[in-house]
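One file, query29.cif, carrying mmCIF, C-alpha atoms:
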data_protein
#
loop_
_atom_site.label_atom_id
_atom_site.label_comp_id
_atom_site.auth_asym_id
_atom_site.auth_seq_id
_atom_site.Cartn_x
_atom_site.Cartn_y
_atom_site.Cartn_z
CA HIS B 1 160.59 68.26 158.01
CA ALA B 2 161.73 71.22 155.89
CA ALA B 3 163.57 74.24 157.30
CA ASP B 4 162.98 76.56 154.36
CA GLY B 5 161.11 76.94 151.09
CA ILE B 6 163.73 75.13 149.03
CA ALA B 7 163.56 72.05 151.24
CA CYS B 8 159.78 72.33 151.29
CA ARG B 9 159.58 72.33 147.48
CA ASN B 10 161.84 69.26 147.41
CA LEU B 11 159.60 67.54 149.94
CA VAL B 12 156.63 67.89 147.59
CA GLN B 13 158.38 65.47 145.22
CA ASN B 14 157.57 62.63 147.66
CA PRO B 15 154.95 60.48 145.88
CA ILE B 16 153.12 59.41 149.06
CA LEU B 17 152.21 62.79 150.57
CA ASP B 18 148.72 63.14 152.02
CA LEU B 19 149.18 66.14 154.30
CA ILE B 20 151.51 69.12 154.53
CA LEU B 21 151.68 71.44 157.55
CA VAL B 22 153.50 74.61 156.55
CA ASP B 23 154.34 77.92 158.19
CA LEU B 24 153.25 80.88 156.08
CA PHE B 25 156.49 82.77 156.55
CA MET B 26 159.45 80.49 155.83
CA PRO B 27 162.75 81.66 154.32
CA ASN B 28 162.99 81.28 150.52
CA PHE B 29 159.28 80.51 150.31
CA ASP B 30 156.35 81.67 148.20
CA ILE B 31 153.16 80.13 149.57
CA TYR B 32 151.21 80.61 146.33
CA GLU B 33 153.91 78.86 144.30
CA PHE B 34 153.94 76.08 146.87
CA LEU B 35 150.14 75.66 146.74
CA ALA B 36 150.34 75.33 142.96
CA LEU B 37 152.99 72.61 143.33
CA ALA B 38 150.86 70.77 145.87
CA GLN B 39 147.78 70.94 143.62
CA ASN B 40 149.78 69.34 140.81
CA HIS B 41 150.94 66.49 143.07
CA PRO B 42 149.35 63.12 142.16
CA ASN B 43 147.91 62.68 145.69
CA LYS B 44 146.74 66.29 146.00
CA PRO B 45 147.91 66.53 149.63
CA ALA B 46 145.93 68.68 152.04
CA VAL B 47 147.99 71.80 152.76
CA VAL B 48 147.39 73.27 156.20
CA ILE B 49 148.93 76.70 156.69
CA ILE B 50 149.94 77.83 160.16
CA SER B 51 150.63 81.50 160.83
CA ALA B 52 150.60 84.18 163.49
CA GLN B 53 149.06 86.49 160.87
CA ASP B 54 145.35 86.91 161.60
CA ASP B 55 144.24 88.43 158.30
CA ASP B 56 140.85 87.32 156.97
CA ARG B 57 141.51 88.58 153.44
CA GLU B 58 144.82 86.73 153.16
CA MET B 59 143.26 83.63 154.69
CA GLU B 60 140.49 83.71 152.08
CA ARG B 61 142.99 84.16 149.22
CA LEU B 62 145.03 81.20 150.44
CA LEU B 63 141.97 78.97 150.76
CA ILE B 64 140.89 79.93 147.24
CA ALA B 65 144.44 79.20 146.02
CA GLY B 66 144.18 75.65 147.32
CA ALA B 67 145.00 75.57 151.03
CA TYR B 68 142.89 73.08 152.95
CA ALA B 69 142.93 75.10 156.16
CA TYR B 70 144.55 78.10 157.82
CA LEU B 71 145.36 77.91 161.52
CA ILE B 72 146.35 80.93 163.59
CA LYS B 73 149.14 80.60 166.15
CA PRO B 74 149.19 79.63 168.88
CA VAL B 75 147.65 76.39 167.63
CA GLU B 76 146.20 73.95 170.12
CA LEU B 77 147.11 70.29 169.68
CA ASP B 78 143.41 69.40 169.86
CA ASP B 79 142.72 71.64 166.85
CA ILE B 80 145.38 69.86 164.81
CA GLU B 81 144.09 66.45 165.90
CA THR B 82 140.51 67.36 164.91
CA LEU B 83 141.72 68.60 161.54
CA LEU B 84 143.79 65.44 160.93
CA VAL B 85 140.78 63.24 161.69
CA LYS B 86 138.64 65.28 159.27
CA ILE B 87 141.25 65.02 156.51
CA ALA B 88 141.64 61.26 157.06
CA GLU B 89 137.87 60.74 156.94
CA GLU B 90 137.55 62.73 153.71
CA ARG B 91 140.42 60.82 152.09
CA ASN B 92 138.89 57.48 153.10
CA GLN B 93 135.64 58.47 151.37
CA ASP B 94 137.44 59.08 148.06
#

Please re-express this file's structure in structure tokens.
Amino acid sequence: HAADGIACRNLVQNPILDLILVDLFMPNFDIYEFLALAQNHPNKPAVVIISAQDDDREMERLLIAGAYAYLIKPVELDDIETLLVKIAEERNQD
């Protein structure tokens, strides 16, 4: 759990990360910088962005920048569960 961007960047130093759920608008946080950090992580964790912002252009930019998925709030628990299963299946294939 990370309360802000600084804690989130520190969390990425964990060598066993497979998945990161992150809010788009956290204090002290640049999502594009964070995506670059995650892409350089040895495990290449799947980064799932959660936001109330429903902006197709921004969503596309974030997916191109390395986000695995972009979920719009309010997020249903079933949607997260489906996504987690998909990520786990893809990682087991690698």

Next on the checklist: Give me the residues near region 27-41 of chain B as a list in words, where near means some atom within 7 Å (using only C-alpha atoms) and where sequence neighbours in that chain fewer than 6 positions away do not count.
Outcome noted: Asp4, Gly5, Ile6, Arg9, Val12, Ala65, Gly66 and Ala67 of chain B

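Omitting Leu24 (chain B) and its sequence neighbours fewer than 3 positions away, and counting only C-alpha atoms, the residues within 7 Å are Ile31, Ile49, Ile50 and Ser51 of chain B.
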
Checklist entry - Quick one, how far is CA of Ile87 (chain B) from CA of Ala46 (chain B)? => result 7.4 Å

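Residues with any atom within 8 Å of the point (147.5, 76.0, 162.9), counting all atoms listed in the file, are Val48, Ile49, Ile50, Ser51, Tyr70, Leu71, Ile72, Lys73, Pro74, Val75, Glu76, Asp79 and Ile80 of chain B.
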
Checklist outcome for this item: Of B:Gln53, B:Pro15, B:His1, B:Tyr68, the one sitting nearest Leu83 (chain B) when using only C-alpha atoms is B:Tyr68

Checklist outcome for this item: If you count all atoms listed in the file, the residue of B:Val47, B:Leu63, B:Leu19, B:Ala3 closest to Ala88 (chain B) turns out to be B:Leu19

Checklist entry - Which value, in Å to one decimal, gives the distance between CA of Ala2 (chain B) and CA of Val22 (chain B)? => result 8.9 Å

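Taking CA of Met59 (chain B) and CA of Asn10 (chain B) as the two end points, the separation is 24.6 Å.
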
Checklist outcome for this item: Closest of B:Ile16, B:Ala7, B:Leu21, B:Leu62 to Leu84 (chain B), counting only C-alpha atoms, is B:Leu21

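A search radius of 7 Å centred on (151.3, 62.8, 146.7), applied to only C-alpha atoms, returns the residues B:Asn14, B:Pro15, B:Ile16, B:Leu17, B:Asp18, B:His41, B:Pro42, B:Asn43, B:Lys44, B:Pro45.
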
Would you compute, for all listed atoms of region 14-32 of chain B, the axis-aligned bounding box grown by 3 Å on each side, and then report its centre and edge lengths in Å rounded to one decimal, as AutoDock Vina command-line options?
--center_x 155.9 --center_y 71.1 --center_z 152.0 --size_x 20.3 --size_y 29.4 --size_z 18.3

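Residue nearest Ala52 (chain B), chosen from B:Asp23, B:Asp78, B:Ala69, B:Gln93 and counting all atoms listed in the file: B:Asp23.
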